[in-house]
Amino acid sequence: MRFKIASAALAMTLLVGTQASAETLKFAFQGTYNQQDPYSLNETFTLGMLGNVYEGLVRRTPDLKIEPALAESWEVIEPTRWRFHLRKGVKFHNGNDFTADDVVFSADRVRSEGSDATQFLNADVKVEKVDDYTVDFVLTGVNPILHSEWSHWFIMDKEWTEANNAVKVTSASDTNPNYASLHTNGTGPFKVTSHEPGVKTTFVPNENWWDQKTHNLTSVEFTPIGSDATRVAALLSGELDMVFPIPVQDIKRINANPGTSALTGPELRTIFLGFDQRRDELLHSDVKGKNPFKDARVRKAFYQAINMDAIKAKIMRGLSEPSALLISPYLFANSGDFSRHPYDPEASKKLLAEAGYADGFEVSMDCPNDRYVNDEAICQATASFLARVGIKVNLNAQPKAKYFAKVLASGGFDTSFYLLGWTPGSFDSHNVLKNLNNCRDDKGAGGPFNLGGYCNPKIDELTAKVLSENDEEKRNALISEAYTILHNEVSHIPLHQQGLAWGVSDKVTLVQRADNKFFFKYVNFK
């Protein structure tokens, strides 16, 4: 069976009028953009920034449908052999030709030691060059969603990477970045002209891009601004053209200000809490000789101590939706079958007493303070709720660069209790089951973002079945079975799907995608 997919026409109103006066787009995000190696940090903002410079074999449209990119078409020539026909005439920013050698090289590199993106391509998949513009992917079993995450798997220039001694991936926690960490050479619509990690990054259009130009920008300047107040003030004054996220309490003020508007919408990301369930003794707790989080009663006690309605009303100002699962209800048909464990402090205290912790205990909590909407405030509220049932939380809130370096540190997973957000790159439950819930070893093999080391072989078994099941009804039943186990065992504490809130100058039009990625190619000055 052959699939030939034509590029979607970008004939939407937001993209019309690209011949208007060209401008420099100036924007800010709450966190920094440090790492430019596409395989060093699997994090939404970083991947979104890199998606302006690098490209994958496929990409997603504004409504998140898969379409061709560096591969112009693909076909399943056998149940376990996918063939990708590469786009000819594409050049990297330095002028090198894009060929099958770059795809094979990128397949090896993305699965190598130090890569934070190994889940994009399973280790058992063989990648074979058929000719300069044809590549086969040979699987060990049927996988109907093989390419579902490949919009994030960016193809690198083999010649450039080798010439700059950057074949080895520098992990996010490595303090000695290599050349690819600080420089880029993609095929995408924009090129990086200067990069000061944590300070400022400047982009210019790639005039030799293979695809149709849909913007009127002459350059893009990104500056990280951690302070919500400073970020909003810069938008209101006209110093910046776009900022995100904006505090929910400032939405009305931004809409009332002449020349600015707030763009809001649902996001696919789920914010959740996790526990170290792997170690026999927690790294950061006053409980010695055992690990209280190995007991499901303790995990459920934490769950039932947290008042999500209060967090939604007081911290998120209504711009969130409490979740019973680790996936957005938009992404799983049976999500309506699940409900959160109820908020019940008395039940929480009873569970702690039954588990032998009637007097509570002390534990440290790791939290980013510049990554998710109101992330530190959510962690502070969590600590306050837990204090009411006898749990003393020592909150360690840090900028995302330090946070990820700590909790992912070379596979060390230095955390006892943490907050994390997750958008499945495939927009499919298999991603959630595999990355967040499959059993892992001490280096992360198995479930690379299962920071707490939750492990139930039944979940691993169901995950494998989900990957190879083609019948939608049967597949959803398998997913439901897995989520039921995770819910009953409290593998994690799902909190909510946060809402998107961007601040935009009325001088520009752009596309707000539900995966919270900002692409310059959709921006036009009026």
# chains A, B, ... in the order shown; residues from 1 in each chain; ligands from 1

$ residues_around --residues "A:Gly503" --least-positions-apart "2" --cutoff "6 Å" --atoms "only C-alpha atoms" --output "mmCIF file with N, CA and C atoms, in the first residue's frame"
data_model
loop_
_atom_site.group_PDB
_atom_site.id
_atom_site.type_symbol
_atom_site.label_atom_id
_atom_site.label_comp_id
_atom_site.auth_asym_id
_atom_site.auth_seq_id
_atom_site.Cartn_x
_atom_site.Cartn_y
_atom_site.Cartn_z
ATOM 1 N N MET A 242 5.568 39.936 20.652
ATOM 2 C CA MET A 242 4.885 38.728 21.108
ATOM 3 C C MET A 242 5.590 38.222 22.360
ATOM 4 N N VAL A 243 4.823 37.797 23.362
ATOM 5 C CA VAL A 243 5.402 37.211 24.574
ATOM 6 C C VAL A 243 4.539 36.011 24.977
ATOM 7 N N SER A 261 -3.322 42.120 22.139
ATOM 8 C CA SER A 261 -4.398 41.165 22.377
ATOM 9 C C SER A 261 -3.821 39.904 23.024
ATOM 10 N N ALA A 262 -4.684 39.189 23.733
ATOM 11 C CA ALA A 262 -4.305 37.903 24.315
ATOM 12 C C ALA A 262 -4.894 36.788 23.466
#

$ residues_around --residues "A:Lys350" --least-positions-apart "6" --cutoff "10 Å" --atoms "only C-alpha atoms" --output "MDAnalysis selection string"
chainID A and resid 297:298 301 356:358 389

$ closest_residue --among "A:Leu433, A:Met308, A:Val58, A:Ala514" --to "A:Leu500" --atoms "only C-alpha atoms"
A:Ala514

$ select_by_dssp --residues "stretch 336-443 of chain A" --states "helix (DSSP H, G or I)" --output "ChimeraX atom specification"
/A:336-337,345-354,375-387,400-407,409-411,429-437

$ write_last_selection --atoms "N, CA and C atoms" --output "compact mmCIF listing (two decimals), in the first residue's frame"
# COMPACT_ATOMS: atom_id res chain seq x y z
N GLY A 336 -13.30 10.00 28.87
CA GLY A 336 -14.47 10.29 29.69
C GLY A 336 -14.82 9.18 30.67
N ASP A 337 -14.19 8.03 30.52
CA ASP A 337 -14.46 6.91 31.44
C ASP A 337 -13.70 7.05 32.76
N PRO A 345 -8.86 15.44 52.35
CA PRO A 345 -7.74 15.46 53.31
C PRO A 345 -7.86 14.41 54.41
N GLU A 346 -9.08 14.14 54.85
CA GLU A 346 -9.25 13.15 55.92
C GLU A 346 -8.91 11.75 55.41
N ALA A 347 -9.34 11.43 54.19
CA ALA A 347 -8.97 10.15 53.60
C ALA A 347 -7.46 10.07 53.41
N SER A 348 -6.85 11.19 53.08
CA SER A 348 -5.40 11.24 52.92
C SER A 348 -4.69 10.92 54.22
N LYS A 349 -5.13 11.54 55.31
CA LYS A 349 -4.52 11.27 56.63
C LYS A 349 -4.69 9.80 57.02
N LYS A 350 -5.86 9.26 56.73
CA LYS A 350 -6.11 7.85 57.07
C LYS A 350 -5.18 6.92 56.30
N LEU A 351 -4.98 7.20 55.00
CA LEU A 351 -4.07 6.39 54.19
C LEU A 351 -2.64 6.48 54.71
N LEU A 352 -2.21 7.67 55.08
CA LEU A 352 -0.85 7.83 55.62
C LEU A 352 -0.70 7.03 56.92
N ALA A 353 -1.72 7.07 57.77
CA ALA A 353 -1.66 6.33 59.03
C ALA A 353 -1.60 4.83 58.77
N GLU A 354 -2.41 4.35 57.82
CA GLU A 354 -2.41 2.93 57.49
C GLU A 354 -1.04 2.49 56.97
N ASP A 375 4.16 27.49 37.27
CA ASP A 375 4.70 26.23 37.79
C ASP A 375 5.11 26.34 39.26
N GLU A 376 5.85 27.39 39.62
CA GLU A 376 6.29 27.51 41.02
C GLU A 376 5.10 27.72 41.95
N ALA A 377 4.12 28.49 41.52
CA ALA A 377 2.94 28.72 42.35
C ALA A 377 2.17 27.42 42.57
N ILE A 378 2.11 26.57 41.55
CA ILE A 378 1.44 25.27 41.70
C ILE A 378 2.19 24.41 42.72
N CYS A 379 3.51 24.43 42.65
CA CYS A 379 4.30 23.66 43.61
C CYS A 379 4.15 24.20 45.02
N GLN A 380 4.09 25.52 45.15
CA GLN A 380 3.88 26.11 46.48
C GLN A 380 2.52 25.71 47.05
N ALA A 381 1.50 25.72 46.19
CA ALA A 381 0.17 25.32 46.64
C ALA A 381 0.16 23.84 47.04
N THR A 382 0.85 23.02 46.25
CA THR A 382 0.94 21.59 46.58
C THR A 382 1.58 21.40 47.94
N ALA A 383 2.66 22.11 48.19
CA ALA A 383 3.33 22.02 49.50
C ALA A 383 2.39 22.43 50.62
N SER A 384 1.59 23.46 50.38
CA SER A 384 0.66 23.93 51.40
C SER A 384 -0.43 22.90 51.68
N PHE A 385 -0.98 22.31 50.64
CA PHE A 385 -2.01 21.27 50.82
C PHE A 385 -1.44 20.07 51.56
N LEU A 386 -0.23 19.65 51.20
CA LEU A 386 0.37 18.49 51.85
C LEU A 386 0.70 18.76 53.31
N ALA A 387 1.03 20.00 53.62
CA ALA A 387 1.32 20.35 55.02
C ALA A 387 0.10 20.10 55.91
N LYS A 400 14.55 26.31 34.46
CA LYS A 400 14.42 25.01 33.81
C LYS A 400 15.77 24.39 33.45
N ALA A 401 16.77 25.20 33.11
CA ALA A 401 18.07 24.63 32.74
C ALA A 401 18.66 23.85 33.91
N LYS A 402 18.58 24.42 35.11
CA LYS A 402 19.11 23.74 36.30
C LYS A 402 18.19 22.59 36.71
N TYR A 403 16.90 22.80 36.56
CA TYR A 403 15.95 21.75 36.94
C TYR A 403 16.16 20.50 36.11
N PHE A 404 16.17 20.64 34.77
CA PHE A 404 16.32 19.47 33.91
C PHE A 404 17.69 18.82 34.09
N ALA A 405 18.73 19.64 34.29
CA ALA A 405 20.06 19.08 34.52
C ALA A 405 20.07 18.21 35.77
N LYS A 406 19.29 18.60 36.77
CA LYS A 406 19.25 17.84 38.03
C LYS A 406 18.43 16.56 37.88
N VAL A 407 17.20 16.69 37.41
CA VAL A 407 16.32 15.51 37.42
C VAL A 407 16.67 14.51 36.32
N ALA A 409 19.99 14.28 35.24
CA ALA A 409 21.45 14.24 35.29
C ALA A 409 22.05 12.90 34.90
N SER A 410 22.48 12.82 33.62
CA SER A 410 23.17 11.65 33.08
C SER A 410 22.47 10.35 33.46
N GLY A 411 21.13 10.39 33.46
CA GLY A 411 20.37 9.19 33.83
C GLY A 411 20.29 8.97 35.32
N SER A 429 -1.46 7.83 22.96
CA SER A 429 -1.24 7.30 24.30
C SER A 429 -0.01 6.41 24.40
N HIS A 430 0.39 5.77 23.31
CA HIS A 430 1.59 4.93 23.39
C HIS A 430 2.78 5.74 23.87
N ASN A 431 2.90 6.97 23.44
CA ASN A 431 3.98 7.84 23.87
C ASN A 431 3.97 8.02 25.38
N VAL A 432 2.81 8.24 25.95
CA VAL A 432 2.67 8.44 27.40
C VAL A 432 3.03 7.17 28.15
N LEU A 433 2.51 6.05 27.69
CA LEU A 433 2.79 4.77 28.36
C LEU A 433 4.28 4.44 28.30
N LYS A 434 4.87 4.58 27.13
CA LYS A 434 6.27 4.22 26.94
C LYS A 434 7.21 5.14 27.70
N ASN A 435 7.07 6.43 27.53
CA ASN A 435 8.05 7.37 28.06
C ASN A 435 7.90 7.63 29.55
N LEU A 436 6.67 7.64 30.04
CA LEU A 436 6.44 8.02 31.43
C LEU A 436 6.19 6.85 32.37
N ASN A 437 5.85 5.67 31.82
CA ASN A 437 5.38 4.59 32.69
C ASN A 437 6.03 3.24 32.48

$ atom_distance --atom1 "atom CA of A:Asp63" --atom2 "atom CA of A:Ser148"
14.4 Å

$ select_by_dssp --residues "stretch 142-348 of chain A" --states "strand (DSSP E)" --output "MDAnalysis selection string"
chainID A and resid 190:196 200:205 217:224 242:244 260:275 320:322

$ residues_around --residues "A:Gly452" --least-positions-apart "2" --cutoff "12 Å" --atoms "only C-alpha atoms" --output "ChimeraX atom specification"
/A:273-279,282-283,291,293-294,299,366,407-408,411-420,435-442,444,447-450,454-455,491-493

$ residues_around --residues "stretch 167-172 of chain A" --least-positions-apart "5" --cutoff "9 Å" --atoms "only C-alpha atoms" --output "ChimeraX atom specification"
/A:35,37,39-41,109-110,112-116,158,161-162,177-178,180-181,401,404-405,408-410

$ closest_residue --among "A:Lys213, A:Arg269, A:Arg475, A:Lys312" --to "A:Glu43" --atoms "only C-alpha atoms"
A:Arg269

$ atom_distance --atom1 "atom CA of A:Val466" --atom2 "atom CA of A:Ile155"
27.4 Å

$ closest_residue --among "A:Gln497, A:Thr223, A:Thr44, A:Asn488" --to "A:Met316" --atoms "only C-alpha atoms"
A:Gln497

$ residues_around --residues "stretch 83-95 of chain A" --least-positions-apart "6" --cutoff "6 Å" --atoms "only C-alpha atoms" --output "PDB file with N, CA, C and O atoms, in the first residue's frame"
ATOM      1  N   LEU A  70      11.042  16.791   4.644  1.00  0.00           N
ATOM      2  CA  LEU A  70      12.227  16.359   3.898  1.00  0.00           C
ATOM      3  C   LEU A  70      11.974  15.063   3.129  1.00  0.00           C
ATOM      4  O   LEU A  70      12.725  14.724   2.208  1.00  0.00           O
ATOM      5  N   ALA A  71      10.962  14.338   3.510  1.00  0.00           N
ATOM      6  CA  ALA A  71      10.482  13.214   2.687  1.00  0.00           C
ATOM      7  C   ALA A  71       9.266  13.704   1.925  1.00  0.00           C
ATOM      8  O   ALA A  71       8.325  14.223   2.525  1.00  0.00           O
ATOM      9  N   GLU A  72       9.265  13.566   0.613  1.00  0.00           N
ATOM     10  CA  GLU A  72       8.122  14.041  -0.159  1.00  0.00           C
ATOM     11  C   GLU A  72       6.998  13.018  -0.209  1.00  0.00           C
ATOM     12  O   GLU A  72       5.852  13.359  -0.491  1.00  0.00           O
ATOM     13  N   SER A  73       7.315  11.752   0.094  1.00  0.00           N
ATOM     14  CA  SER A  73       6.287  10.719   0.164  1.00  0.00           C
ATOM     15  C   SER A  73       6.857   9.501   0.871  1.00  0.00           C
ATOM     16  O   SER A  73       8.070   9.394   1.084  1.00  0.00           O
ATOM     17  N   TRP A  74       5.980   8.591   1.244  1.00  0.00           N
ATOM     18  CA  TRP A  74       6.416   7.336   1.870  1.00  0.00           C
ATOM     19  C   TRP A  74       5.400   6.249   1.579  1.00  0.00           C
ATOM     20  O   TRP A  74       4.258   6.524   1.214  1.00  0.00           O
ATOM     21  N   GLU A  75       5.827   5.023   1.736  1.00  0.00           N
ATOM     22  CA  GLU A  75       4.968   3.877   1.468  1.00  0.00           C
ATOM     23  C   GLU A  75       5.363   2.714   2.374  1.00  0.00           C
ATOM     24  O   GLU A  75       6.518   2.597   2.783  1.00  0.00           O
ATOM     25  N   TYR A 133      18.396   9.074  -2.477  1.00  0.00           N
ATOM     26  CA  TYR A 133      17.166   9.756  -2.094  1.00  0.00           C
ATOM     27  C   TYR A 133      16.053   8.781  -1.707  1.00  0.00           C
ATOM     28  O   TYR A 133      14.874   9.104  -1.813  1.00  0.00           O
ATOM     29  N   THR A 134      16.448   7.612  -1.222  1.00  0.00           N
ATOM     30  CA  THR A 134      15.483   6.620  -0.749  1.00  0.00           C
ATOM     31  C   THR A 134      16.044   5.924   0.487  1.00  0.00           C
ATOM     32  O   THR A 134      17.197   5.481   0.473  1.00  0.00           O
ATOM     33  N   VAL A 135      15.229   5.835   1.528  1.00  0.00           N
ATOM     34  CA  VAL A 135      15.657   5.189   2.773  1.00  0.00           C
ATOM     35  C   VAL A 135      14.560   4.246   3.243  1.00  0.00           C
ATOM     36  O   VAL A 135      13.379   4.605   3.233  1.00  0.00           O
ATOM     37  N   ASP A 136      14.964   3.041   3.648  1.00  0.00           N
ATOM     38  CA  ASP A 136      14.029   2.065   4.212  1.00  0.00           C
ATOM     39  C   ASP A 136      14.204   1.981   5.718  1.00  0.00           C
ATOM     40  O   ASP A 136      15.338   2.016   6.231  1.00  0.00           O
ATOM     41  N   ASN A 185      22.975  24.031  11.763  1.00  0.00           N
ATOM     42  CA  ASN A 185      23.084  23.892  10.315  1.00  0.00           C
ATOM     43  C   ASN A 185      21.942  23.006   9.837  1.00  0.00           C
ATOM     44  O   ASN A 185      22.110  21.816   9.605  1.00  0.00           O
ATOM     45  N   GLY A 186      20.770  23.611   9.731  1.00  0.00           N
ATOM     46  CA  GLY A 186      19.601  22.854   9.341  1.00  0.00           C
ATOM     47  C   GLY A 186      19.221  23.089   7.896  1.00  0.00           C
ATOM     48  O   GLY A 186      19.985  23.666   7.116  1.00  0.00           O
ATOM     49  N   THR A 187      18.018  22.650   7.556  1.00  0.00           N
ATOM     50  CA  THR A 187      17.469  22.881   6.216  1.00  0.00           C
ATOM     51  C   THR A 187      16.250  23.784   6.275  1.00  0.00           C
ATOM     52  O   THR A 187      15.615  24.034   5.256  1.00  0.00           O
ATOM     53  N   TRP A 210      13.635  25.333   0.514  1.00  0.00           N
ATOM     54  CA  TRP A 210      13.006  24.591  -0.571  1.00  0.00           C
ATOM     55  C   TRP A 210      11.506  24.866  -0.700  1.00  0.00           C
ATOM     56  O   TRP A 210      10.921  24.672  -1.769  1.00  0.00           O
TER      57      TRP A 210
END

$ residues_around --residues "A:Asp211" --least-positions-apart "3" --cutoff "10 Å" --atoms "only C-alpha atoms" --output "list in words"
Ser7, Ala69, Val90, Gly188, Pro189, Asn208 and Thr214 of chain A

$ residues_around --residues "A:Ile251" --least-positions-apart "6" --cutoff "12 Å" --atoms "only C-alpha atoms" --output "PDB file with C-alpha atoms, in the first residue's frame"
ATOM      1  CA  VAL A 232       3.984  41.892  29.952  1.00  0.00           C
ATOM      2  CA  LEU A 236       2.249  46.705  26.440  1.00  0.00           C
ATOM      3  CA  PHE A 244       4.454  33.865  26.104  1.00  0.00           C
ATOM      4  CA  PRO A 245       3.148  32.709  28.370  1.00  0.00           C
ATOM      5  CA  ASN A 257      -4.577  47.866  26.067  1.00  0.00           C
ATOM      6  CA  THR A 260      -2.295  44.286  22.041  1.00  0.00           C
ATOM      7  CA  SER A 261      -4.398  41.165  22.377  1.00  0.00           C
ATOM      8  CA  ALA A 262      -4.305  37.903  24.315  1.00  0.00           C
ATOM      9  CA  LEU A 263      -4.542  34.652  22.385  1.00  0.00           C
ATOM     10  CA  THR A 264      -5.908  31.819  24.506  1.00  0.00           C
ATOM     11  CA  MET A 316      -4.849  29.368  37.043  1.00  0.00           C
ATOM     12  CA  ARG A 317      -7.795  31.816  37.092  1.00  0.00           C
ATOM     13  CA  GLY A 318      -9.897  29.215  35.306  1.00  0.00           C
ATOM     14  CA  LEU A 319      -7.409  28.682  32.468  1.00  0.00           C
ATOM     15  CA  LEU A 500      -2.353  28.557  26.277  1.00  0.00           C
ATOM     16  CA  ALA A 501      -2.061  32.297  26.833  1.00  0.00           C
ATOM     17  CA  TRP A 502       0.073  34.379  24.470  1.00  0.00           C
ATOM     18  CA  GLY A 503       0.326  38.152  24.264  1.00  0.00           C
ATOM     19  CA  VAL A 504       0.530  39.546  20.734  1.00  0.00           C
TER      20      VAL A 504
END

$ closest_residue --among "A:Glu149, A:Glu461, A:Asp101, A:Glu128" --to "A:Ile66" --atoms "only C-alpha atoms"
A:Glu149

$ closest_residue --among "A:Ser480, A:Ala100, A:Leu146, A:Asn470" --to "A:Leu121" --atoms "only C-alpha atoms"
A:Leu146

$ closest_residue --among "A:Gln498, A:Asn176, A:Asn524, A:Thr463" --to "A:Glu481" --atoms "only C-alpha atoms"
A:Thr463

$ atom_distance --atom1 "atom CA of A:Thr270" --atom2 "atom CA of A:Ala482"
17.4 Å

$ decode --residues "stretch 32-47 of chain A" --atoms "N, CA and C atoms" --output "mmCIF file, in the first residue's frame"
data_model
loop_
_atom_site.group_PDB
_atom_site.id
_atom_site.type_symbol
_atom_site.label_atom_id
_atom_site.label_comp_id
_atom_site.auth_asym_id
_atom_site.auth_seq_id
_atom_site.Cartn_x
_atom_site.Cartn_y
_atom_site.Cartn_z
ATOM 1 N N THR A 32 14.795 30.148 29.183
ATOM 2 C CA THR A 32 15.937 30.360 28.299
ATOM 3 C C THR A 32 15.969 29.362 27.150
ATOM 4 N N TYR A 33 16.716 29.730 26.130
ATOM 5 C CA TYR A 33 16.998 28.840 25.001
ATOM 6 C C TYR A 33 18.511 28.660 24.981
ATOM 7 N N ASN A 34 18.963 27.542 25.507
ATOM 8 C CA ASN A 34 20.396 27.323 25.657
ATOM 9 C C ASN A 34 20.949 26.333 24.642
ATOM 10 N N GLN A 35 20.341 25.164 24.609
ATOM 11 C CA GLN A 35 20.894 24.027 23.883
ATOM 12 C C GLN A 35 20.402 23.995 22.436
ATOM 13 N N GLN A 36 21.323 23.999 21.461
ATOM 14 C CA GLN A 36 20.921 23.981 20.055
ATOM 15 C C GLN A 36 21.139 22.629 19.376
ATOM 16 N N ASP A 37 21.707 21.673 20.103
ATOM 17 C CA ASP A 37 21.807 20.321 19.564
ATOM 18 C C ASP A 37 20.410 19.713 19.579
ATOM 19 N N PRO A 38 19.869 19.300 18.431
ATOM 20 C CA PRO A 38 18.480 18.829 18.384
ATOM 21 C C PRO A 38 18.191 17.595 19.213
ATOM 22 N N TYR A 39 19.241 16.886 19.659
ATOM 23 C CA TYR A 39 19.021 15.642 20.386
ATOM 24 C C TYR A 39 19.391 15.749 21.873
ATOM 25 N N SER A 40 19.698 16.941 22.333
ATOM 26 C CA SER A 40 20.164 17.088 23.714
ATOM 27 C C SER A 40 19.048 17.235 24.732
ATOM 28 N N LEU A 41 17.939 17.873 24.338
ATOM 29 C CA LEU A 41 16.876 18.137 25.304
ATOM 30 C C LEU A 41 15.514 18.019 24.626
ATOM 31 N N ASN A 42 14.778 16.993 25.002
ATOM 32 C CA ASN A 42 13.435 16.766 24.465
ATOM 33 C C ASN A 42 12.442 17.574 25.291
ATOM 34 N N GLU A 43 12.375 18.855 24.984
ATOM 35 C CA GLU A 43 11.547 19.790 25.738
ATOM 36 C C GLU A 43 10.846 20.707 24.746
ATOM 37 N N THR A 44 9.567 20.963 24.966
ATOM 38 C CA THR A 44 8.722 21.590 23.955
ATOM 39 C C THR A 44 9.272 22.906 23.441
ATOM 40 N N PHE A 45 9.644 23.816 24.325
ATOM 41 C CA PHE A 45 10.105 25.120 23.854
ATOM 42 C C PHE A 45 11.379 24.989 23.023
ATOM 43 N N THR A 46 12.319 24.177 23.507
ATOM 44 C CA THR A 46 13.567 23.977 22.771
ATOM 45 C C THR A 46 13.295 23.362 21.404
ATOM 46 N N LEU A 47 12.451 22.345 21.355
ATOM 47 C CA LEU A 47 12.128 21.708 20.077
ATOM 48 C C LEU A 47 11.407 22.677 19.147
#
